[in-house]
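So this one's structure-v8.cif, mmCIF, C-alpha atoms:
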```cif
data_upload
loop_
_atom_site.group_PDB
_atom_site.id
_atom_site.type_symbol
_atom_site.label_atom_id
_atom_site.label_comp_id
_atom_site.auth_asym_id
_atom_site.auth_seq_id
_atom_site.Cartn_x
_atom_site.Cartn_y
_atom_site.Cartn_z
ATOM 1 C CA MET B 1 -30.076 18.702 15.009
ATOM 2 C CA ALA B 2 -29.201 19.357 11.391
ATOM 3 C CA PRO B 3 -26.261 17.216 10.283
ATOM 4 C CA GLN B 4 -25.040 20.041 8.079
ATOM 5 C CA GLY B 5 -24.884 22.412 11.023
ATOM 6 C CA THR B 6 -23.200 19.803 13.192
ATOM 7 C CA LEU B 7 -20.430 19.231 10.674
ATOM 8 C CA ALA B 8 -19.907 22.958 10.251
ATOM 9 C CA ALA B 9 -19.705 23.349 14.003
ATOM 10 C CA LEU B 10 -17.163 20.543 14.288
ATOM 11 C CA GLU B 11 -15.046 22.103 11.596
ATOM 12 C CA ALA B 12 -15.300 25.540 13.161
ATOM 13 C CA ALA B 13 -14.112 24.007 16.424
ATOM 14 C CA LYS B 14 -11.071 22.605 14.604
ATOM 15 C CA VAL B 15 -12.116 19.031 15.191
ATOM 16 C CA PRO B 16 -9.800 16.793 13.136
ATOM 17 C CA CYS B 17 -11.514 14.984 10.295
ATOM 18 C CA GLY B 18 -10.476 11.668 11.852
ATOM 19 C CA ALA B 19 -12.890 12.486 14.664
ATOM 20 C CA ILE B 20 -15.709 13.255 12.237
ATOM 21 C CA ASN B 21 -15.172 9.996 10.316
ATOM 22 C CA ASN B 22 -14.977 8.105 13.570
ATOM 23 C CA LEU B 23 -18.243 9.552 14.850
ATOM 24 C CA ALA B 24 -20.125 9.436 11.546
ATOM 25 C CA TRP B 25 -20.093 5.687 10.964
ATOM 26 C CA LYS B 26 -20.797 4.876 14.603
ATOM 27 C CA LEU B 27 -23.807 7.218 14.734
ATOM 28 C CA ALA B 28 -25.081 5.786 11.458
ATOM 29 C CA PHE B 29 -24.801 2.192 12.702
ATOM 30 C CA VAL B 30 -26.494 2.954 16.023
ATOM 31 C CA ILE B 31 -29.300 4.997 14.436
ATOM 32 C CA LYS B 32 -29.975 2.197 11.955
ATOM 33 C CA GLY B 33 -30.112 -0.290 14.812
ATOM 34 C CA LEU B 34 -27.094 -2.219 13.516
ATOM 35 C CA ALA B 35 -25.026 -1.602 16.636
ATOM 36 C CA SER B 36 -25.655 -1.067 20.326
ATOM 37 C CA GLU B 37 -25.086 2.332 21.921
ATOM 38 C CA ARG B 38 -21.906 0.987 23.434
ATOM 39 C CA LEU B 39 -20.293 1.547 20.052
ATOM 40 C CA LEU B 40 -20.535 5.291 20.767
ATOM 41 C CA GLU B 41 -18.506 4.867 23.954
ATOM 42 C CA SER B 42 -15.585 3.646 21.896
ATOM 43 C CA TYR B 43 -15.646 7.026 20.153
ATOM 44 C CA SER B 44 -14.611 8.652 23.401
ATOM 45 C CA ASP B 45 -11.905 6.051 24.162
ATOM 46 C CA GLU B 46 -10.356 6.374 20.729
ATOM 47 C CA ARG B 47 -10.521 10.126 20.378
ATOM 48 C CA VAL B 48 -9.145 10.901 23.847
ATOM 49 C CA ALA B 49 -6.013 8.980 22.923
ATOM 50 C CA ALA B 50 -5.924 10.776 19.580
ATOM 51 C CA ALA B 51 -6.376 14.177 21.224
ATOM 52 C CA HIS B 52 -3.287 13.678 23.383
ATOM 53 C CA GLU B 53 -1.219 12.938 20.318
ATOM 54 C CA ASN B 54 -2.754 15.812 18.358
ATOM 55 C CA LEU B 55 -2.047 18.271 21.158
ATOM 56 C CA SER B 56 1.662 17.529 21.176
ATOM 57 C CA TYR B 57 1.762 17.823 17.398
ATOM 58 C CA GLY B 58 -0.273 21.009 17.464
ATOM 59 C CA THR B 59 2.210 22.719 19.725
ATOM 60 C CA LYS B 60 5.152 21.926 17.527
ATOM 61 C CA SER B 61 3.316 22.846 14.370
ATOM 62 C CA THR B 62 2.544 26.305 15.713
ATOM 63 C CA GLU B 63 6.099 26.728 16.909
ATOM 64 C CA PHE B 64 7.377 25.895 13.469
ATOM 65 C CA MET B 65 5.037 28.314 11.704
ATOM 66 C CA ALA B 66 5.580 31.168 14.185
ATOM 67 C CA PRO B 67 8.886 30.630 16.021
ATOM 68 C CA PRO B 68 8.436 31.862 19.624
ATOM 69 C CA SER B 69 12.177 32.463 20.181
ATOM 70 C CA PHE B 70 15.497 32.885 18.356
ATOM 71 C CA ALA B 71 16.143 29.172 18.899
ATOM 72 C CA PHE B 72 13.021 28.017 17.072
ATOM 73 C CA ASP B 73 13.783 30.543 14.342
ATOM 74 C CA LEU B 74 17.360 29.290 13.967
ATOM 75 C CA MET B 75 16.324 25.634 13.909
ATOM 76 C CA ARG B 76 13.636 26.376 11.359
ATOM 77 C CA GLN B 77 16.255 27.957 9.082
ATOM 78 C CA ALA B 78 18.338 24.827 9.492
ATOM 79 C CA VAL B 79 15.455 22.476 8.686
ATOM 80 C CA LEU B 80 14.226 24.448 5.683
ATOM 81 C CA SER B 81 17.690 24.681 4.160
ATOM 82 C CA LEU B 82 18.339 20.955 4.677
ATOM 83 C CA ALA B 83 14.928 19.670 3.597
ATOM 84 C CA VAL B 84 15.582 19.685 -0.148
ATOM 85 C CA LYS B 85 18.400 17.161 0.041
ATOM 86 C CA HIS B 86 17.671 15.400 3.327
ATOM 87 C CA ALA B 87 14.311 13.636 3.393
ATOM 88 C CA GLY B 88 14.726 12.703 7.055
ATOM 89 C CA VAL B 89 13.993 16.224 8.302
ATOM 90 C CA ARG B 90 11.042 16.918 6.024
ATOM 91 C CA SER B 91 8.431 15.569 8.387
ATOM 92 C CA LEU B 92 9.149 18.568 10.632
ATOM 93 C CA ILE B 93 7.732 20.867 7.942
ATOM 94 C CA ASN B 94 4.535 18.973 7.154
ATOM 95 C CA PRO B 95 1.465 20.008 9.089
ATOM 96 C CA ARG B 96 0.967 17.432 11.816
ATOM 97 C CA GLN B 97 -2.793 17.434 12.148
ATOM 98 C CA SER B 98 -3.257 15.693 8.827
ATOM 99 C CA SER B 99 -1.430 12.546 9.872
ATOM 100 C CA ALA B 100 -3.843 9.782 10.769
ATOM 101 C CA ILE B 101 -3.749 8.469 14.280
ATOM 102 C CA SER B 102 -3.771 4.829 15.297
ATOM 103 C CA TYR B 103 -6.362 3.629 17.771
ATOM 104 C CA ASN B 104 -3.955 1.066 19.211
ATOM 105 C CA ALA B 105 -5.838 0.700 22.471
ATOM 106 C CA SER B 106 -9.346 0.761 21.024
ATOM 107 C CA PRO B 107 -11.850 -1.570 22.676
ATOM 108 C CA LEU B 108 -13.088 -2.438 19.168
ATOM 109 C CA ASN B 109 -9.795 -3.999 18.057
ATOM 110 C CA ALA B 110 -10.297 -7.740 17.666
ATOM 111 C CA ALA B 111 -8.187 -10.901 17.432
ATOM 112 C CA GLN B 112 -5.021 -9.245 18.742
ATOM 113 C CA ASP B 113 -3.343 -12.638 19.187
ATOM 114 C CA LYS B 114 -3.839 -13.364 15.493
ATOM 115 C CA SER B 115 -2.548 -9.911 14.556
ATOM 116 C CA ALA B 116 0.630 -10.570 16.538
ATOM 117 C CA GLU B 117 1.519 -13.355 14.092
ATOM 118 C CA PHE B 118 2.157 -10.795 11.332
ATOM 119 C CA THR B 119 5.676 -9.538 10.641
ATOM 120 C CA ALA B 120 4.523 -6.461 8.698
ATOM 121 C CA GLY B 121 1.455 -4.391 7.949
ATOM 122 C CA PRO B 122 -1.056 -2.315 9.913
ATOM 123 C CA ALA B 123 -2.195 -3.706 13.262
ATOM 124 C CA PRO B 124 -5.783 -3.316 14.507
ATOM 125 C CA GLY B 125 -6.496 0.372 15.131
ATOM 126 C CA SER B 126 -4.110 1.600 12.424
ATOM 127 C CA VAL B 127 -5.136 3.083 9.098
ATOM 128 C CA LEU B 128 -4.241 1.248 5.900
ATOM 129 C CA PRO B 129 -0.800 2.284 4.628
ATOM 130 C CA GLU B 130 -1.211 3.662 1.122
ATOM 131 C CA CYS B 131 -0.001 1.577 -1.800
ATOM 132 C CA PRO B 132 -0.705 1.817 -5.522
ATOM 133 C CA LEU B 133 -2.567 -1.031 -7.177
ATOM 134 C CA THR B 134 -4.619 -1.679 -10.283
ATOM 135 C CA LEU B 135 -8.396 -1.618 -9.863
ATOM 136 C CA ALA B 136 -9.655 -4.366 -12.109
ATOM 137 C CA GLY B 137 -12.777 -6.405 -12.711
ATOM 138 C CA GLU B 138 -15.328 -3.667 -13.315
ATOM 139 C CA GLY B 139 -14.651 -2.176 -16.694
ATOM 140 C CA ALA B 140 -11.142 -1.493 -17.932
ATOM 141 C CA PRO B 141 -8.324 -1.899 -15.382
ATOM 142 C CA ARG B 142 -7.293 1.482 -13.994
ATOM 143 C CA GLU B 143 -4.638 2.823 -11.658
ATOM 144 C CA GLY B 144 -5.657 3.347 -8.080
ATOM 145 C CA HIS B 145 -4.674 2.933 -4.449
ATOM 146 C CA ILE B 146 -5.612 0.450 -1.774
ATOM 147 C CA THR B 147 -7.656 3.069 0.083
ATOM 148 C CA ASP B 148 -9.878 3.389 -3.014
ATOM 149 C CA LEU B 149 -11.334 0.063 -1.874
ATOM 150 C CA VAL B 150 -12.427 1.480 1.488
ATOM 151 C CA MET B 151 -15.991 2.776 1.666
ATOM 152 C CA PRO B 152 -18.328 3.573 4.574
ATOM 153 C CA ARG B 153 -18.844 -0.129 5.252
ATOM 154 C CA PHE B 154 -16.917 -3.026 6.734
ATOM 155 C CA THR B 155 -14.508 -4.235 4.091
ATOM 156 C CA ALA B 156 -12.791 -7.613 4.165
ATOM 157 C CA LEU B 157 -9.649 -7.512 2.036
ATOM 158 C CA TYR B 158 -8.909 -11.082 1.019
ATOM 159 C CA PHE B 159 -5.393 -11.670 -0.331
ATOM 160 C CA SER B 160 -5.322 -14.272 -3.079
ATOM 161 C CA GLU B 161 -3.335 -15.375 -6.114
ATOM 162 C CA ASP B 162 -5.935 -14.738 -8.771
ATOM 163 C CA GLY B 163 -9.010 -13.227 -7.125
ATOM 164 C CA ALA B 164 -10.855 -16.421 -6.204
ATOM 165 C CA VAL B 165 -12.711 -15.774 -2.933
ATOM 166 C CA PRO B 166 -13.757 -18.728 -0.720
ATOM 167 C CA ALA B 167 -17.458 -19.576 -0.919
ATOM 168 C CA GLU B 168 -17.914 -19.030 2.830
ATOM 169 C CA LEU B 169 -16.788 -15.404 2.497
ATOM 170 C CA GLN B 170 -19.095 -14.809 -0.443
ATOM 171 C CA ALA B 171 -21.917 -16.317 1.601
ATOM 172 C CA LEU B 172 -21.010 -14.074 4.533
ATOM 173 C CA GLU B 173 -21.300 -11.024 2.305
ATOM 174 C CA GLN B 174 -24.830 -12.060 1.374
ATOM 175 C CA THR B 175 -25.776 -12.798 4.987
ATOM 176 C CA MET B 176 -24.499 -9.402 6.174
ATOM 177 C CA GLN B 177 -26.150 -7.506 3.359
ATOM 178 C CA ALA B 178 -29.436 -9.315 4.005
ATOM 179 C CA ARG B 179 -29.272 -7.966 7.571
ATOM 180 C CA GLY B 180 -28.732 -4.463 6.176
ATOM 181 C CA LEU B 181 -25.173 -4.409 7.450
ATOM 182 C CA PRO B 182 -22.878 -2.751 4.914
ATOM 183 C CA PHE B 183 -20.133 -5.288 4.256
ATOM 184 C CA LYS B 184 -18.067 -6.208 1.226
ATOM 185 C CA VAL B 185 -15.387 -8.781 0.451
ATOM 186 C CA LEU B 186 -12.750 -7.597 -2.012
ATOM 187 C CA ALA B 187 -9.812 -9.588 -3.318
ATOM 188 C CA ILE B 188 -6.248 -8.280 -3.432
ATOM 189 C CA THR B 189 -4.462 -10.365 -6.036
ATOM 190 C CA ARG B 190 -0.944 -11.221 -7.122
ATOM 191 C CA ARG B 191 -2.089 -11.662 -10.707
ATOM 192 C CA LEU B 192 -4.633 -9.808 -12.763
ATOM 193 C CA GLY B 193 -7.934 -11.656 -12.405
ATOM 194 C CA ALA B 194 -9.569 -13.324 -15.387
ATOM 195 C CA GLU B 195 -11.939 -11.326 -17.546
ATOM 196 C CA GLY B 196 -15.378 -11.141 -15.985
ATOM 197 C CA SER B 197 -14.120 -11.449 -12.401
ATOM 198 C CA ALA B 198 -15.474 -9.177 -9.652
ATOM 199 C CA LEU B 199 -13.815 -5.906 -8.636
ATOM 200 C CA HIS B 200 -10.372 -6.655 -7.216
ATOM 201 C CA GLY B 201 -7.109 -4.880 -6.489
ATOM 202 C CA TRP B 202 -4.211 -6.254 -8.477
ATOM 203 C CA ASP B 203 -0.850 -5.789 -6.752
ATOM 204 C CA HIS B 204 0.910 -4.961 -10.017
ATOM 205 C CA THR B 205 4.011 -3.572 -8.249
ATOM 206 C CA GLY B 206 4.399 -6.688 -6.097
ATOM 207 C CA ARG B 207 4.916 -4.439 -3.056
ATOM 208 C CA LEU B 208 1.498 -4.648 -1.469
ATOM 209 C CA PHE B 209 1.630 -8.250 -0.228
ATOM 210 C CA ALA B 210 4.990 -7.603 1.455
ATOM 211 C CA MET B 211 3.897 -4.265 2.919
ATOM 212 C CA TYR B 212 0.914 -5.966 4.545
ATOM 213 C CA GLY B 213 2.827 -9.096 5.580
ATOM 214 C CA ALA B 214 0.258 -11.035 3.567
ATOM 215 C CA ALA B 215 0.141 -14.402 1.797
ATOM 216 C CA ALA B 216 -2.670 -16.025 -0.118
ATOM 217 C CA GLY B 217 -5.492 -16.496 2.389
ATOM 218 C CA THR B 218 -4.637 -13.450 4.519
ATOM 219 C CA LEU B 219 -7.586 -11.320 5.589
ATOM 220 C CA TYR B 220 -7.709 -7.688 6.712
ATOM 221 C CA LEU B 221 -11.029 -6.506 8.120
ATOM 222 C CA VAL B 222 -11.358 -2.723 7.737
ATOM 223 C CA ARG B 223 -13.790 -0.440 9.575
ATOM 224 C CA PRO B 224 -16.010 2.063 7.766
ATOM 225 C CA ASP B 225 -13.581 4.867 8.723
ATOM 226 C CA GLY B 226 -10.593 3.065 7.197
ATOM 227 C CA HIS B 227 -8.975 1.775 10.387
ATOM 228 C CA VAL B 228 -8.100 -1.911 10.669
ATOM 229 C CA LEU B 229 -10.459 -3.827 12.967
ATOM 230 C CA ALA B 230 -8.687 -7.209 12.840
ATOM 231 C CA ARG B 231 -6.407 -9.267 10.619
ATOM 232 C CA TRP B 232 -5.599 -12.931 10.149
ATOM 233 C CA LEU B 233 -2.761 -14.606 8.253
ATOM 234 C CA GLN B 234 -5.335 -17.257 7.357
ATOM 235 C CA GLY B 235 -8.806 -15.931 8.072
ATOM 236 C CA THR B 236 -12.210 -17.568 8.111
ATOM 237 C CA ALA B 237 -15.737 -16.258 7.711
ATOM 238 C CA ALA B 238 -16.489 -17.228 11.328
ATOM 239 C CA GLU B 239 -13.621 -15.095 12.622
ATOM 240 C CA VAL B 240 -14.724 -12.110 10.528
ATOM 241 C CA THR B 241 -18.276 -12.489 11.831
ATOM 242 C CA ALA B 242 -17.063 -12.664 15.440
ATOM 243 C CA ALA B 243 -14.942 -9.505 15.065
ATOM 244 C CA ILE B 244 -17.808 -7.505 13.585
ATOM 245 C CA HIS B 245 -20.277 -8.765 16.202
ATOM 246 C CA GLN B 246 -17.864 -7.850 18.974
ATOM 247 C CA ALA B 247 -17.448 -4.336 17.588
ATOM 248 C CA LEU B 248 -21.182 -3.758 17.264
ATOM 249 C CA ALA B 249 -22.348 -5.614 20.384
ATOM 250 C CA MET E 250 13.244 7.396 14.628
ATOM 251 C CA THR E 251 9.553 8.044 13.954
ATOM 252 C CA ASP E 252 8.191 11.427 12.846
ATOM 253 C CA SER E 253 6.729 11.750 16.298
ATOM 254 C CA GLU E 254 10.083 11.173 18.012
ATOM 255 C CA LEU E 255 11.827 13.599 15.659
ATOM 256 C CA ASP E 256 9.199 16.207 16.589
ATOM 257 C CA ALA E 257 9.826 15.678 20.271
ATOM 258 C CA VAL E 258 13.625 15.889 19.956
ATOM 259 C CA TYR E 259 13.397 18.999 17.767
ATOM 260 C CA THR E 260 11.173 20.748 20.296
ATOM 261 C CA ARG E 261 13.426 19.757 23.198
ATOM 262 C CA LEU E 262 16.480 21.124 21.398
ATOM 263 C CA CYS E 263 14.733 24.419 20.656
ATOM 264 C CA LYS E 264 13.442 24.835 24.211
ATOM 265 C CA THR E 265 16.821 24.045 25.755
ATOM 266 C CA MET E 266 18.518 26.555 23.494
ATOM 267 C CA THR E 267 15.883 29.154 24.362
ATOM 268 C CA GLN E 268 16.566 28.685 28.086
ATOM 269 C CA LEU E 269 20.325 29.020 27.627
ATOM 270 C CA GLY E 270 19.852 32.266 25.740
ATOM 271 C CA GLU E 271 21.027 33.552 22.419
ATOM 272 C CA ASN E 272 24.557 34.308 23.609
ATOM 273 C CA ASN E 273 25.101 30.664 24.487
ATOM 274 C CA ALA E 274 23.460 29.214 21.374
ATOM 275 C CA GLN E 275 26.609 28.780 19.290
ATOM 276 C CA LEU E 276 28.518 27.073 22.082
ATOM 277 C CA PHE E 277 25.524 24.880 22.892
ATOM 278 C CA LEU E 278 25.176 23.736 19.247
ATOM 279 C CA ALA E 279 28.958 23.176 19.020
ATOM 280 C CA ARG E 280 28.871 21.014 22.154
ATOM 281 C CA PHE E 281 25.893 19.104 20.798
ATOM 282 C CA ALA E 282 27.726 18.555 17.504
ATOM 283 C CA MET E 283 30.775 17.179 19.336
ATOM 284 C CA LEU E 284 28.658 14.793 21.384
ATOM 285 C CA ALA E 285 26.847 13.646 18.249
ATOM 286 C CA ILE E 286 30.154 13.095 16.427
ATOM 287 C CA ASP E 287 31.416 11.070 19.361
ATOM 288 C CA ARG E 288 28.297 8.883 19.179
ATOM 289 C CA LEU E 289 28.527 8.418 15.407
ATOM 290 C CA GLY E 290 31.441 6.059 15.890
ATOM 291 C CA GLY E 291 32.880 6.268 12.381
ATOM 292 C CA GLY E 292 34.906 9.227 11.169
ATOM 293 C CA GLU E 293 33.698 8.883 7.608
ATOM 294 C CA VAL E 294 30.052 9.507 8.434
ATOM 295 C CA ALA E 295 31.009 12.604 10.411
ATOM 296 C CA GLN E 296 33.032 13.913 7.460
ATOM 297 C CA GLN E 297 30.044 13.446 5.162
ATOM 298 C CA LEU E 298 27.728 15.217 7.599
ATOM 299 C CA ILE E 299 30.130 18.157 7.904
ATOM 300 C CA ASP E 300 30.134 18.500 4.123
ATOM 301 C CA ALA E 301 26.355 18.123 3.916
ATOM 302 C CA ALA E 302 25.767 20.705 6.638
ATOM 303 C CA ALA E 303 28.053 23.229 4.928
ATOM 304 C CA GLU E 304 26.842 22.504 1.436
ATOM 305 C CA ASP E 305 24.034 25.036 1.035
ATOM 306 C CA MET E 306 25.323 27.571 3.527
ATOM 307 C CA THR E 307 26.692 29.964 0.951
ATOM 308 C CA SER E 308 23.271 30.468 -0.604
ATOM 309 C CA ALA E 309 21.204 30.048 2.557
ATOM 310 C CA ALA E 310 23.240 32.352 4.830
ATOM 311 C CA SER E 311 22.651 35.534 2.871
ATOM 312 C CA TYR E 312 21.694 37.442 6.019
#
```
Any chance you could put this one into structure tokens?
Amino acid sequence: MAPQGTLAALEAAKVPCGAINNLAWKLAFVIKGLASERLLESYSDERVAAAHENLSYGTKSTEFMAPPSFAFDLMRQAVLSLAVKHAGVRSLINPRQSSAISYNASPLNAAQDKSAEFTAGPAPGSVLPECPLTLAGEGAPREGHITDLVMPRFTALYFSEDGAVPAELQALEQTMQARGLPFKVLAITRRLGAEGSALHGWDHTGRLFAMYGAAAGTLYLVRPDGHVLARWLQGTAAEVTAAIHQALA
Amino acid sequence: MTDSELDAVYTRLCKTMTQLGENNAQLFLARFAMLAIDRLGGGEVAQQLIDAAAEDMTSAASY
């Protein structure tokens, strides 16, 4: 089966790109022997839930684009004429399919009791809310967003004052990479890290920590498709390891 | 209200109005407006919403 043809077929069948991302990393991990085949079962669990939500959106989207009755036509006139000055109605105009779906009930979600201790931020299963930050530490600091830090790997976002990452997390990164498991620890910092420090995201607006309900020591573990796997107000390397093992077991 | 909930309410409003028929649409929307005003509680908010709803009508209602 040619991957190229498979992707084309998925797109032709109007499969949302969330489904493709979801499937891609799981297939890759199973094929490489990094995860058991049970990981593929979670694809079905997560996407069935997503399909239900997409279907309800899809209906409304179509009705907005091609009003099936005078009522939909009238309401569309109302929304379009209000949208410029009233932000609250604008979401009715945006195409629904593009909005990312949360896998709230995913069997992969880990450490739910720890997640419940947060007062803000994305819970396991959710995608990372976008927030601007400064990408620093590799070359000149440049403007970016938190999702620029997400790659097709497990990413541990470690919130810290100045970018110092605990030795046990650095060691974990080496252990994982030695096993061929794509994993990276990246610091999110309140202050710009010192010259020569590793790649980190500097919260130059001061909004990111609050948006994620984070303090120094907070950890977000992100899946290769950008959804949160687990989060801890004060996380340890052992907890990160356990969450990844549970997801891949 | 989340985007999702707004979607659902919007669709429900449209479908209800469709069932009642075009001849009843104005009365239905007027009744809905009165119920919404009653729920708003404060007269000032309602006044602002009346102004906001009328604001762009002169340019928008060209047909």
Item to check | Residues selected by the PyMOL selection byres ((chain E) within 7 of (chain B)), written as a list in words | outcome: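 Going through the file, the PyMOL selection byres ((chain E) within 7 of (chain B)) ends up selecting Asp252, Asp256, Thr260, Cys263, Met266, Thr267, Glu271 and Ala309 of chain E.
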Item to check | Interatomic distance (Å, one decimal) between CA of His200 in chain B and CA of Pro152 in chain B | outcome: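 CA of Pro152 in chain B lies at a distance of 17.5 Å from CA of His200 in chain B.
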Can you pull out the residues contacting Trp25 in chain B? Cut-off 9 Å, using all atoms listed in the file, and skip same-chain residues under 6 positions away; I want them as a PDB file with C-alpha atoms, keeping the file's coordinate frame.
```
ATOM      1  CA  PRO B 152     -18.328   3.573   4.574  1.00  0.00           C
ATOM      2  CA  ARG B 153     -18.844  -0.129   5.252  1.00  0.00           C
ATOM      3  CA  ARG B 223     -13.790  -0.440   9.575  1.00  0.00           C
ATOM      4  CA  PRO B 224     -16.010   2.063   7.766  1.00  0.00           C
ATOM      5  CA  ASP B 225     -13.581   4.867   8.723  1.00  0.00           C
TER       6      ASP B 225
END
```
Item to check | Distance of CA of Val84 in chain B from CA of Ala301 in chain E, expressed in Å to one decimal place | outcome: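 Answer for the CA of Ala301 in chain E to CA of Val84 in chain B separation: 11.6 Å.
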Checklist entry - What is the distance between CA of Ala242 in chain B and CA of Ala110 in chain B, in Å to one decimal? => result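 Straight-line distance from CA of Ala242 in chain B to CA of Ala110 in chain B works out to 8.7 Å.
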Item to check | Picked residues, the PyMOL selection byres ((chain B and resi 234) around 9), as a list in words | outcome: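 Evaluating the PyMOL selection byres ((chain B and resi 234) around 9) on these coordinates yields Ala215, Ala216, Gly217, Thr218, Leu219, Arg231, Trp232, Leu233, Gly235 and Thr236 of chain B.
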Any chance you can output those residues with C-alpha atoms as a PDB file, in the coordinates of the input?
```pdb
ATOM      1  CA  ALA B 215       0.141 -14.402   1.797  1.00  0.00           C
ATOM      2  CA  ALA B 216      -2.670 -16.025  -0.118  1.00  0.00           C
ATOM      3  CA  GLY B 217      -5.492 -16.496   2.389  1.00  0.00           C
ATOM      4  CA  THR B 218      -4.637 -13.450   4.519  1.00  0.00           C
ATOM      5  CA  LEU B 219      -7.586 -11.320   5.589  1.00  0.00           C
ATOM      6  CA  ARG B 231      -6.407  -9.267  10.619  1.00  0.00           C
ATOM      7  CA  TRP B 232      -5.599 -12.931  10.149  1.00  0.00           C
ATOM      8  CA  LEU B 233      -2.761 -14.606   8.253  1.00  0.00           C
ATOM      9  CA  GLY B 235      -8.806 -15.931   8.072  1.00  0.00           C
ATOM     10  CA  THR B 236     -12.210 -17.568   8.111  1.00  0.00           C
TER      11      THR B 236
END
```
Checklist entry - Using the chain letters and numbers from the file, which residues does the PyMOL selection byres ((chain B and resi 211) around 10) grab, as a list in words? => result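 Output from the PyMOL selection byres ((chain B and resi 211) around 10), applied to this file: Thr119, Ala120, Gly121, Pro122, Pro129, Glu130, Cys131, Gly206, Arg207, Leu208, Phe209, Ala210, Tyr212, Gly213 and Ala214 of chain B.
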Checklist entry - Hey, which of B:Leu135, B:Leu27, B:Leu39, B:Ile244 ends up closest to Met176 in chain B? Count only C-alpha atoms. => result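 Selected residue with least distance to Met176 in chain B: B:Ile244.
The nearest approach to Val48 in chain B among the residues B:Ala105, B:Ile146, B:Ala24, B:Gly137, with only C-alpha atoms taken into account, belongs to B:Ala105.
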Next on the checklist: If we count all atoms listed in the file and set the cut-off at 12 Å, which residues sit around range 281-292 of chain E, ignoring sequence neighbours fewer than 5 positions away in its own chain? Please answer as a ChimeraX atom specification.
Outcome noted: /E:262,265-266,274-276,297-299,302
Item to check | Selected residue, from B:Ser42, B:Asn104, B:Gln177, B:Ser197, that lies nearest to Lys26 in chain B when counting only C-alpha atoms | outcome: B:Ser42
